[in-house]
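A.B. asks: Structure: start28.txt, compact mmCIF, C-alpha atoms.
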```txt
# COMPACT_ATOMS: atom_id res chain seq x y z
CA MET A 1 -2.89 25.91 -12.58
CA SER A 2 -1.28 23.65 -9.99
CA PHE A 3 -1.53 19.89 -10.29
CA ALA A 4 -3.89 19.62 -7.31
CA ALA A 5 -6.13 22.41 -8.63
CA ARG A 6 -6.24 20.82 -12.09
CA LEU A 7 -7.31 17.51 -10.59
CA ALA A 8 -9.97 19.04 -8.39
CA HIS A 9 -11.39 21.75 -10.63
CA GLY A 10 -9.85 21.71 -14.08
CA PRO A 11 -10.44 19.64 -17.20
CA LEU A 12 -9.78 15.91 -17.15
CA LEU A 13 -6.06 15.14 -16.76
CA LEU A 14 -4.62 12.78 -19.36
CA LEU A 15 -1.67 10.77 -18.05
CA ASP A 16 0.85 8.75 -20.01
CA GLY A 17 1.07 5.01 -20.65
CA GLY A 18 3.55 2.22 -20.04
CA MET A 19 7.27 2.92 -19.76
CA GLY A 20 8.92 -0.49 -19.35
CA SER A 21 7.43 -2.02 -22.50
CA MET A 22 8.41 1.07 -24.48
CA LEU A 23 12.01 0.79 -23.30
CA MET A 24 12.11 -2.92 -24.08
CA ALA A 25 11.00 -2.09 -27.62
CA ARG A 26 14.00 0.24 -27.76
CA GLY A 27 16.41 -2.45 -26.63
CA LEU A 28 16.22 -2.67 -22.84
CA ALA A 29 17.10 -6.26 -21.99
CA ALA A 30 14.41 -8.35 -20.31
CA GLY A 31 15.02 -8.44 -16.58
CA ARG A 32 17.19 -5.32 -16.56
CA ALA A 33 15.86 -2.54 -14.34
CA PRO A 34 14.66 0.45 -16.43
CA GLU A 35 16.34 2.75 -13.90
CA HIS A 36 19.71 1.80 -15.44
CA TRP A 37 18.65 3.71 -18.54
CA THR A 38 17.71 6.75 -16.44
CA LEU A 39 21.44 6.97 -15.72
CA ASP A 40 22.96 5.59 -18.93
CA ARG A 41 20.48 6.15 -21.79
CA GLY A 42 18.69 9.35 -20.89
CA GLU A 43 17.97 10.21 -24.53
CA GLU A 44 15.78 7.12 -24.79
CA ILE A 45 13.80 8.13 -21.70
CA VAL A 46 13.23 11.62 -23.07
CA ALA A 47 12.09 10.17 -26.40
CA VAL A 48 9.44 8.03 -24.68
CA HIS A 49 8.19 10.93 -22.57
CA ARG A 50 8.04 13.16 -25.66
CA ALA A 51 6.08 10.55 -27.61
CA TYR A 52 3.44 10.58 -24.88
CA VAL A 53 3.31 14.37 -24.83
CA ASP A 54 2.88 14.37 -28.61
CA ALA A 55 0.03 11.86 -28.20
CA GLY A 56 -1.79 14.21 -25.81
CA SER A 57 -0.52 13.46 -22.31
CA ASP A 58 -0.84 16.39 -19.92
CA ALA A 59 1.48 14.70 -17.43
CA VAL A 60 4.33 12.22 -17.64
CA GLN A 61 5.60 10.00 -14.87
CA THR A 62 9.31 9.65 -14.19
CA ASN A 63 11.16 6.45 -15.01
CA THR A 64 11.50 5.54 -11.34
CA PHE A 65 8.92 2.84 -10.67
CA GLY A 66 11.62 0.59 -9.18
CA ALA A 67 13.61 3.33 -7.43
CA HIS A 68 12.91 2.41 -3.82
CA PRO A 69 16.33 1.71 -2.27
CA LEU A 70 15.41 -1.90 -1.51
CA ARG A 71 14.48 -2.55 -5.10
CA LEU A 72 17.49 -0.71 -6.46
CA ALA A 73 19.82 -2.78 -4.31
CA ALA A 74 18.44 -5.94 -5.89
CA ALA A 75 19.04 -4.40 -9.33
CA GLY A 76 22.68 -3.55 -8.65
CA LEU A 77 21.99 0.14 -8.05
CA ALA A 78 22.35 0.32 -4.29
CA GLY A 79 22.70 3.80 -2.81
CA ARG A 80 21.57 5.61 -5.96
CA ALA A 81 17.91 6.39 -5.24
CA THR A 82 18.40 10.14 -4.87
CA GLU A 83 20.61 10.31 -7.96
CA ILE A 84 18.07 8.38 -10.02
CA ALA A 85 15.07 10.43 -8.86
CA THR A 86 16.92 13.65 -9.62
CA ALA A 87 18.04 12.54 -13.07
CA ALA A 88 14.64 11.10 -13.98
CA THR A 89 12.88 14.34 -13.10
CA ALA A 90 15.23 16.36 -15.26
CA LEU A 91 14.69 13.97 -18.18
CA ALA A 92 10.92 14.16 -17.85
CA ARG A 93 11.05 17.97 -17.85
CA GLN A 94 12.79 17.91 -21.22
CA ALA A 95 9.73 16.37 -22.86
CA GLY A 96 7.63 19.50 -22.38
CA ALA A 97 4.71 18.04 -20.41
CA ARG A 98 2.59 20.41 -18.35
CA TYR A 99 3.15 18.28 -15.25
CA VAL A 100 5.91 15.91 -14.14
CA ILE A 101 4.93 13.25 -11.62
CA GLY A 102 7.47 11.40 -9.52
CA ASP A 103 6.59 7.73 -9.97
CA ILE A 104 7.06 5.41 -6.97
CA GLY A 105 6.37 1.69 -7.04
CA PRO A 106 6.37 -0.90 -4.24
CA THR A 107 9.49 -2.11 -2.49
CA GLY A 108 9.26 -5.57 -3.99
CA GLU A 109 9.04 -7.11 -0.52
CA TYR A 110 6.10 -7.99 1.73
CA LEU A 111 5.41 -6.95 5.28
CA PRO A 112 4.83 -9.56 8.01
CA PRO A 113 3.15 -11.96 8.37
CA VAL A 114 3.39 -12.67 4.64
CA GLY A 115 6.99 -11.51 4.26
CA ARG A 116 9.92 -10.26 6.27
CA GLY A 117 9.93 -6.61 5.22
CA ALA A 118 10.64 -4.03 7.92
CA PRO A 119 8.18 -1.10 8.05
CA GLU A 120 10.87 1.36 9.14
CA GLU A 121 13.13 0.35 6.25
CA PHE A 122 10.20 0.78 3.87
CA ARG A 123 9.52 4.23 5.36
CA ARG A 124 13.11 5.43 5.11
CA GLY A 125 13.29 4.51 1.44
CA PHE A 126 10.06 6.25 0.54
CA ALA A 127 11.14 9.31 2.51
CA GLU A 128 14.44 9.46 0.63
CA LEU A 129 12.58 9.43 -2.67
CA GLY A 130 10.18 12.09 -1.43
CA ARG A 131 13.01 14.44 -0.48
CA ALA A 132 14.81 13.84 -3.77
CA PHE A 133 11.72 14.46 -5.89
CA ALA A 134 10.82 17.56 -3.90
CA ALA A 135 14.30 19.00 -4.41
CA ALA A 136 14.12 18.14 -8.12
CA GLY A 137 10.85 20.05 -8.48
CA VAL A 138 8.17 17.51 -9.41
CA ASP A 139 4.56 18.69 -9.57
CA ALA A 140 3.20 15.61 -7.80
CA LEU A 141 4.06 12.14 -6.57
CA HIS A 142 2.30 8.92 -7.51
CA VAL A 143 2.56 5.76 -5.42
CA GLU A 144 1.29 3.07 -7.76
CA THR A 145 0.74 -0.66 -8.25
CA MET A 146 0.39 -1.23 -4.52
CA SER A 147 -1.09 -4.60 -3.61
CA ASP A 148 -0.97 -4.02 0.15
CA LEU A 149 -2.85 -1.15 1.79
CA ALA A 150 -0.38 -1.26 4.70
CA GLU A 151 2.62 -0.62 2.43
CA ALA A 152 0.69 2.07 0.55
CA GLY A 153 -0.07 3.74 3.86
CA ILE A 154 3.59 3.69 4.88
CA ALA A 155 4.58 5.25 1.55
CA LEU A 156 1.89 7.93 1.77
CA ALA A 157 2.80 8.96 5.31
CA ALA A 158 6.52 9.06 4.52
CA LEU A 159 6.04 11.16 1.39
CA LEU A 160 3.67 13.63 3.02
CA GLU A 161 6.30 14.24 5.70
CA ALA A 162 9.34 14.26 3.40
CA ALA A 163 7.80 16.38 0.62
CA PRO A 164 5.39 18.81 2.29
CA GLY A 165 3.20 20.76 -0.08
CA ILE A 166 3.55 18.28 -2.96
CA PRO A 167 0.38 16.36 -3.87
CA VAL A 168 0.66 12.61 -3.30
CA CYS A 169 -1.58 10.26 -5.30
CA VAL A 170 -1.93 6.57 -4.50
CA SER A 171 -3.11 3.78 -6.79
CA LEU A 172 -3.73 0.21 -5.70
CA THR A 173 -3.82 -2.77 -8.01
CA PHE A 174 -7.00 -4.85 -7.76
CA GLU A 175 -8.40 -8.17 -8.87
CA TYR A 176 -12.07 -8.58 -9.72
CA LYS A 177 -13.87 -11.26 -7.72
CA LYS A 178 -17.52 -12.18 -7.26
CA ARG A 179 -17.67 -9.97 -4.16
CA GLY A 180 -16.06 -7.01 -5.86
CA PHE A 181 -12.57 -5.53 -6.23
CA PHE A 182 -9.81 -6.65 -3.85
CA THR A 183 -6.01 -6.46 -3.75
CA VAL A 184 -4.13 -9.76 -3.53
CA MET A 185 -3.66 -8.98 0.16
CA GLY A 186 -7.42 -8.87 0.63
CA ASP A 187 -7.90 -5.09 0.81
CA ARG A 188 -11.39 -4.20 -0.42
CA LEU A 189 -11.69 -1.22 -2.76
CA GLU A 190 -14.61 0.31 -0.87
CA GLU A 191 -12.53 0.41 2.32
CA ALA A 192 -9.06 1.04 0.91
CA LEU A 193 -9.68 4.11 -1.24
CA PRO A 194 -11.48 6.16 1.45
CA ALA A 195 -8.79 5.17 3.97
CA LEU A 196 -6.04 6.53 1.72
CA ALA A 197 -7.96 9.72 1.04
CA ALA A 198 -8.53 10.22 4.77
CA ALA A 199 -4.80 9.73 5.34
CA GLY A 200 -3.99 12.66 3.05
CA ALA A 201 -3.81 11.37 -0.54
CA THR A 202 -4.68 14.07 -3.07
CA ALA A 203 -6.11 11.43 -5.40
CA VAL A 204 -6.67 7.69 -5.17
CA GLY A 205 -7.31 5.07 -7.76
CA ALA A 206 -6.33 1.86 -9.50
CA ASN A 207 -3.76 0.74 -12.02
CA CYS A 208 -2.34 -2.44 -13.53
CA SER A 209 -3.65 -6.03 -13.16
CA LEU A 210 -7.10 -5.32 -14.59
CA THR A 211 -8.00 -4.63 -18.20
CA SER A 212 -9.88 -1.62 -19.51
CA ALA A 213 -13.06 -3.71 -19.73
CA ASP A 214 -13.07 -3.95 -15.92
CA PHE A 215 -12.67 -0.24 -15.33
CA PRO A 216 -16.23 1.05 -15.86
CA ALA A 217 -17.38 -1.20 -12.99
CA LEU A 218 -14.33 -0.24 -10.93
CA ALA A 219 -14.94 3.47 -11.53
CA ALA A 220 -18.56 3.13 -10.47
CA ALA A 221 -17.55 1.28 -7.30
CA ALA A 222 -14.87 3.85 -6.51
CA ARG A 223 -17.16 6.81 -7.08
CA GLY A 224 -19.71 5.20 -4.78
CA VAL A 225 -17.36 5.62 -1.81
CA HIS A 226 -15.04 8.47 -2.80
CA ALA A 227 -16.07 11.89 -4.12
CA GLY A 228 -12.54 13.25 -4.63
CA PRO A 229 -10.12 12.90 -7.54
CA LEU A 230 -9.69 9.44 -9.06
CA LEU A 231 -6.82 7.96 -11.10
CA LEU A 232 -7.60 5.17 -13.57
CA GLN A 233 -4.84 3.34 -15.47
CA PRO A 234 -5.65 -0.16 -16.78
CA ASN A 235 -3.49 -2.53 -18.77
CA ALA A 236 -3.77 -3.07 -22.50
CA GLY A 237 -5.81 -6.23 -22.15
CA ALA A 238 -4.73 -9.52 -20.61
CA PRO A 239 -1.13 -10.52 -21.42
CA GLN A 240 -0.41 -13.59 -23.51
CA LEU A 241 2.88 -15.42 -22.98
CA GLU A 242 4.65 -15.86 -26.33
CA ASP A 243 8.25 -17.03 -26.62
CA GLY A 244 8.75 -16.23 -22.96
CA GLN A 245 7.48 -12.67 -23.29
CA ALA A 246 4.20 -11.18 -22.08
CA LEU A 247 2.48 -9.59 -25.06
CA TYR A 248 -0.66 -7.48 -25.13
CA HIS A 249 -3.04 -7.65 -28.07
CA GLN A 250 -5.83 -5.23 -27.21
CA THR A 251 -6.37 -2.50 -29.77
CA PRO A 252 -5.97 1.15 -28.79
CA GLU A 253 -9.56 1.78 -29.85
CA GLU A 254 -10.99 -0.89 -27.54
CA PHE A 255 -8.91 0.39 -24.66
CA ALA A 256 -9.95 3.98 -25.31
CA SER A 257 -13.65 3.16 -25.57
CA ASP A 258 -13.66 1.29 -22.26
CA LEU A 259 -11.66 3.89 -20.37
CA ALA A 260 -13.64 6.82 -21.75
CA ALA A 261 -16.78 5.08 -20.47
CA ALA A 262 -15.12 4.67 -17.07
CA ALA A 263 -14.15 8.33 -17.04
CA SER A 264 -17.73 9.35 -17.75
CA LEU A 265 -18.85 7.38 -14.70
CA ALA A 266 -16.10 8.89 -12.58
CA VAL A 267 -16.86 12.59 -13.07
CA SER A 268 -16.96 14.13 -9.60
CA PRO A 269 -20.51 14.93 -8.46
CA GLY A 270 -21.29 18.60 -8.91
CA SER A 271 -17.97 19.31 -10.64
CA GLY A 272 -17.10 20.77 -13.98
CA ILE A 273 -16.99 18.53 -17.04
CA GLY A 274 -14.17 16.04 -16.67
CA SER A 275 -12.81 17.36 -13.41
CA GLY A 276 -11.83 15.00 -10.63
CA ILE A 277 -10.39 12.45 -13.03
CA ALA A 278 -6.96 11.44 -14.32
CA VAL A 279 -6.76 8.61 -16.83
CA GLY A 280 -3.93 6.88 -18.64
CA GLY A 281 -2.47 3.47 -19.34
CA CYS A 282 -0.35 0.87 -17.62
CA CYS A 283 1.32 -2.33 -18.88
CA GLY A 284 1.25 -2.81 -22.64
CA THR A 285 -0.02 0.65 -23.49
CA ASP A 286 1.95 3.02 -25.67
CA PRO A 287 1.39 6.46 -27.29
CA ARG A 288 -1.14 5.01 -29.73
CA PHE A 289 -3.36 4.14 -26.77
CA ILE A 290 -3.06 7.63 -25.31
CA ALA A 291 -3.87 9.26 -28.66
CA ALA A 292 -6.91 7.01 -29.08
CA LEU A 293 -7.97 7.77 -25.52
CA ALA A 294 -7.67 11.52 -26.10
CA ALA A 295 -9.93 11.20 -29.14
CA ALA A 296 -12.49 9.04 -27.30
CA LEU A 297 -12.61 11.47 -24.39
CA ALA A 298 -13.12 14.38 -26.77
CA ARG A 299 -16.08 12.59 -28.37
CA ARG A 300 -17.66 12.33 -24.92
CA GLY A 301 -17.01 15.99 -24.21
CA LEU A 302 -14.41 15.27 -21.54
CA ARG A 303 -11.47 16.92 -23.35
```
Please, can you express the file's structure as structure tokens?
C.D. replies:
Amino acid sequence: MSFAARLAHGPLLLLDGGMGSMLMARGLAAGRAPEHWTLDRGEEIVAVHRAYVDAGSDAVQTNTFGAHPLRLAAAGLAGRATEIATAATALARQAGARYVIGDIGPTGEYLPPVGRGAPEEFRRGFAELGRAFAAAGVDALHVETMSDLAEAGIALAALLEAAPGIPVCVSLTFEYKKRGFFTVMGDRLEEALPALAAAGATAVGANCSLTSADFPALAAAARGVHAGPLLLQPNAGAPQLEDGQALYHQTPEEFASDLAAAASLAVSPGSGIGSGIAVGGCCGTDPRFIAALAAALARRGLR
């Protein structure tokens, strides 16, 4: 079953969890771009992917969150976006997951009037990644942790053109305010998610920033305006700064209970059990969280 068909009609899709925190636990220096290890420590990347597959993940996301050319240049990896996307896809395939998703994060810059980013430069970088991932044979692409609907739209359009036929999913990162869920750029969930779906995204959703406790309300709000596939990937609680490091103290069981409840609310109207949903973890989550989530979903009849 193709990735798009699985999302639309198949059983719930269980994604993976955090990558950066897992690599830091394996020795990646704080502040060093994880993409360096895609090139230099591939065995560590495969080990993380495999741990998620063993925990129950149906899909793993490549170690390429910071692979936009603008971001790579700042990390000392200028001109290596295609090489990194190609290598990361091959490493993810080695883990044995049913689906490999090309992971694409933001450029790290802001568009005017907030910043000085150039839309065409953004577009070219996303297009390069799209072509590289398509040639490498990913099953889908995921634009994630986008705080600006305009940048997310540029990425989506570039990828749809550069990688025709490959599903493109888009996740924004929201804050919860009294008036609902908004990105830091002021994009309202109820307007942003339908806009991305209308622009061609196979699935839309939210990741990062919020904790699992916020996701049942977010899932209900999202399902109120969008009937198609949803992606839900919260953090492992709110980070606490200890000795200069952000640490997460939520238990896997708490995370799993919250997200399973969100998934139940997000089941597509009129669909089969669990279809229309992909869930996983973001910052601070690890394979224990995915294993606990798989068990919690099974108890609710969603796995």
A.B. asks: Determine the nearest neighbour of Ala88 in chain A from the options A:Ala47, A:Leu72, A:Leu39, A:Val267, counting only C-alpha atoms.
C.D. replies: A:Leu39
A.B. asks: Tell me which protein, DNA and RNA residues are within 8 Å of Phe174 in chain A, counting all atoms listed in the file, leaving out same-chain ones fewer than 6 positions away, and put them as a ChimeraX atom specification.
C.D. replies: /A:147,181-184,189,206-210
A.B. asks: Looking at all atoms listed in the file, which of A:Pro11, A:Pro252, A:Pro34, A:Pro287 is the one that sits closest to Gly56 in chain A?
C.D. replies: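 When distances to Gly56 in chain A are compared using all atoms listed in the file, the smallest one comes from A:Pro287.
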A.B. asks: Could you work out how far CA of Ala127 in chain A lies from CA of Ala192 in chain A, giving the answer in Å with one decimal?
C.D. replies: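 Between CA of Ala192 in chain A and CA of Ala127 in chain A the gap is 21.9 Å.
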A.B. asks: With distances taken over all atoms listed in the file, which of A:Ala203, A:Ala238, A:Ala78, A:Ala95 is nearest to Gly66 in chain A?
C.D. replies: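 Among the listed residues, the smallest separation from Gly66 in chain A belongs to A:Ala78.
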A.B. asks: Between CA of Asp214 in chain A and CA of Glu191 in chain A, what is the distance in Å, rounded to a tenth?
C.D. replies: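 Going from CA of Asp214 in chain A over to CA of Glu191 in chain A covers 18.8 Å.
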A.B. asks: Determine, counting all atoms listed in the file, which protein, DNA and RNA residues have an atom within 10 Å of an atom of Pro194 in chain A; residues of the same chain fewer than 3 positions away are not included. Present the result as JSON, numbers by chain.
C.D. replies: {"A": [189, 190, 191, 197, 198, 199, 201, 204, 222, 225, 226, 227, 228]}
A.B. asks: Tell me which of A:Gly237, A:Ala263, A:Ser171, A:Gly108 sits closest to Ala73 in chain A, counting only C-alpha atoms.
C.D. replies: A:Gly108
A.B. asks: Mind listing as a list in words all residues within 7 Å of (0.6, 2.6, -14.5), counting all atoms listed in the file?
C.D. replies: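 Within 7 Å of (0.6, 2.6, -14.5), the protein and nucleic acid residues are Gly17, Gly18, Glu144, Asn207, Cys208, Gln233, Gly281, Cys282 and Cys283 of chain A.
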A.B. asks: Write the residues you've just listed into a file as an mmCIF file, keeping the file's coordinate frame, and include C-alpha atoms for each of them.
C.D. replies:
```cif
data_model
loop_
_atom_site.group_PDB
_atom_site.id
_atom_site.type_symbol
_atom_site.label_atom_id
_atom_site.label_comp_id
_atom_site.auth_asym_id
_atom_site.auth_seq_id
_atom_site.Cartn_x
_atom_site.Cartn_y
_atom_site.Cartn_z
ATOM 1 C CA GLY A 17 1.070 5.010 -20.650
ATOM 2 C CA GLY A 18 3.550 2.220 -20.040
ATOM 3 C CA GLU A 144 1.290 3.070 -7.760
ATOM 4 C CA ASN A 207 -3.760 0.740 -12.020
ATOM 5 C CA CYS A 208 -2.340 -2.440 -13.530
ATOM 6 C CA GLN A 233 -4.840 3.340 -15.470
ATOM 7 C CA GLY A 281 -2.470 3.470 -19.340
ATOM 8 C CA CYS A 282 -0.350 0.870 -17.620
ATOM 9 C CA CYS A 283 1.320 -2.330 -18.880
#
```
A.B. asks: Please indicate the distance in Å from CA of Ala256 in chain A to CA of Arg98 in chain A, rounded to one decimal place.
C.D. replies: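 Distance reported for this atom pair: 21.8 Å.
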A.B. asks: Using all atoms listed in the file, which protein or nucleic acid residues come within 8 Å of Val143 in chain A? Drop anything in the same chain fewer than 3 positions from it, and give the result as an MDAnalysis selection string.
C.D. replies: chainID A and resid 103:106 146 152 155:156 168:171
A.B. asks: Place a sphere of radius 12 Å on (-1.2, 26.8, -14.8) in the file coordinates and name every protein, DNA or RNA residue with an atom inside or on its surface, counting all atoms listed in the file; give the answer as a PyMOL selection string.
C.D. replies: chain A and resi 1-7+10-11+58+97-99+139
A.B. asks: Which of these, A:Ala217, A:Ala278, A:Val100, A:Leu91, has the shortest distance to Arg41 in chain A once you count only C-alpha atoms?
C.D. replies: A:Leu91
A.B. asks: So that I can check the surroundings of range 26-33 of chain A, please list as an MDAnalysis selection string every protein, DNA and RNA residue that reaches within 10 Å of it, counting all atoms listed in the file and ignoring chain neighbours fewer than 2 positions away.
C.D. replies: chainID A and resid 20:24 35:38 41 44:45 48 64:67 71:72 74:77 245
A.B. asks: Selection from above, C-alpha atoms, as a compact mmCIF listing (two decimals), keeping the file's coordinate frame, can you write it?
C.D. replies:
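Below is the file result-v4.txt, written as the result:
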```
# COMPACT_ATOMS: atom_id res chain seq x y z
CA GLY A 20 8.92 -0.49 -19.35
CA SER A 21 7.43 -2.02 -22.50
CA MET A 22 8.41 1.07 -24.48
CA LEU A 23 12.01 0.79 -23.30
CA MET A 24 12.11 -2.92 -24.08
CA GLU A 35 16.34 2.75 -13.90
CA HIS A 36 19.71 1.80 -15.44
CA TRP A 37 18.65 3.71 -18.54
CA THR A 38 17.71 6.75 -16.44
CA ARG A 41 20.48 6.15 -21.79
CA GLU A 44 15.78 7.12 -24.79
CA ILE A 45 13.80 8.13 -21.70
CA VAL A 48 9.44 8.03 -24.68
CA THR A 64 11.50 5.54 -11.34
CA PHE A 65 8.92 2.84 -10.67
CA GLY A 66 11.62 0.59 -9.18
CA ALA A 67 13.61 3.33 -7.43
CA ARG A 71 14.48 -2.55 -5.10
CA LEU A 72 17.49 -0.71 -6.46
CA ALA A 74 18.44 -5.94 -5.89
CA ALA A 75 19.04 -4.40 -9.33
CA GLY A 76 22.68 -3.55 -8.65
CA LEU A 77 21.99 0.14 -8.05
CA GLN A 245 7.48 -12.67 -23.29
```
A.B. asks: Give me, as a CSV table (one decimal) with C-alpha atoms, in the frame of the given file, all polymer residues having an atom no more than 6 Å from Gly205 in chain A, counting all atoms listed in the file and skipping those fewer than 4 positions away in the same chain.
C.D. replies:
```csv
chain,number,residue,atom,x,y,z
A,171,SER,CA,-3.1,3.8,-6.8
A,230,LEU,CA,-9.7,9.4,-9.1
A,231,LEU,CA,-6.8,8.0,-11.1
A,232,LEU,CA,-7.6,5.2,-13.6
```
A.B. asks: Taking into account only C-alpha atoms, which residue in the set A:Arg223, A:Arg123, A:His142, A:Lys178 is nearest to Ala157 in chain A?
C.D. replies: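 Result for the nearest residue to Ala157 in chain A: A:Arg123.
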A.B. asks: Assuming the input is short of atoms at range 249-264 of chain A, produce N, CA and C atoms for that part as a compact mmCIF listing (two decimals), in the coordinates of the input.
C.D. replies:
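The result, written out as selection.txt:
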```txt
# COMPACT_ATOMS: atom_id res chain seq x y z
N HIS A 249 -2.47 -7.70 -26.73
CA HIS A 249 -3.04 -7.65 -28.07
C HIS A 249 -4.30 -6.79 -28.18
N GLN A 250 -4.67 -6.10 -27.12
CA GLN A 250 -5.83 -5.23 -27.21
C GLN A 250 -5.55 -4.07 -28.16
N THR A 251 -6.56 -3.64 -28.88
CA THR A 251 -6.37 -2.50 -29.77
C THR A 251 -6.50 -1.20 -28.99
N PRO A 252 -5.82 -0.15 -29.45
CA PRO A 252 -5.97 1.15 -28.79
C PRO A 252 -7.41 1.63 -28.76
N GLU A 253 -8.17 1.32 -29.79
CA GLU A 253 -9.56 1.78 -29.85
C GLU A 253 -10.43 1.11 -28.81
N GLU A 254 -10.24 -0.19 -28.58
CA GLU A 254 -10.99 -0.89 -27.54
C GLU A 254 -10.66 -0.33 -26.16
N PHE A 255 -9.38 -0.17 -25.92
CA PHE A 255 -8.91 0.39 -24.66
C PHE A 255 -9.53 1.77 -24.43
N ALA A 256 -9.46 2.61 -25.44
CA ALA A 256 -9.95 3.98 -25.31
C ALA A 256 -11.45 4.03 -25.07
N SER A 257 -12.20 3.18 -25.75
CA SER A 257 -13.65 3.16 -25.57
C SER A 257 -14.03 2.78 -24.14
N ASP A 258 -13.38 1.74 -23.63
CA ASP A 258 -13.66 1.29 -22.26
C ASP A 258 -13.31 2.36 -21.23
N LEU A 259 -12.13 2.95 -21.39
CA LEU A 259 -11.66 3.89 -20.37
C LEU A 259 -12.42 5.22 -20.44
N ALA A 260 -12.82 5.61 -21.63
CA ALA A 260 -13.64 6.82 -21.75
C ALA A 260 -14.99 6.60 -21.06
N ALA A 261 -15.53 5.39 -21.18
CA ALA A 261 -16.78 5.08 -20.47
C ALA A 261 -16.58 5.14 -18.97
N ALA A 262 -15.44 4.62 -18.50
CA ALA A 262 -15.12 4.67 -17.07
C ALA A 262 -14.98 6.11 -16.60
N ALA A 263 -14.33 6.93 -17.41
CA ALA A 263 -14.15 8.33 -17.04
C ALA A 263 -15.48 9.05 -16.93
N SER A 264 -16.41 8.73 -17.81
CA SER A 264 -17.73 9.35 -17.75
C SER A 264 -18.43 9.02 -16.43
```
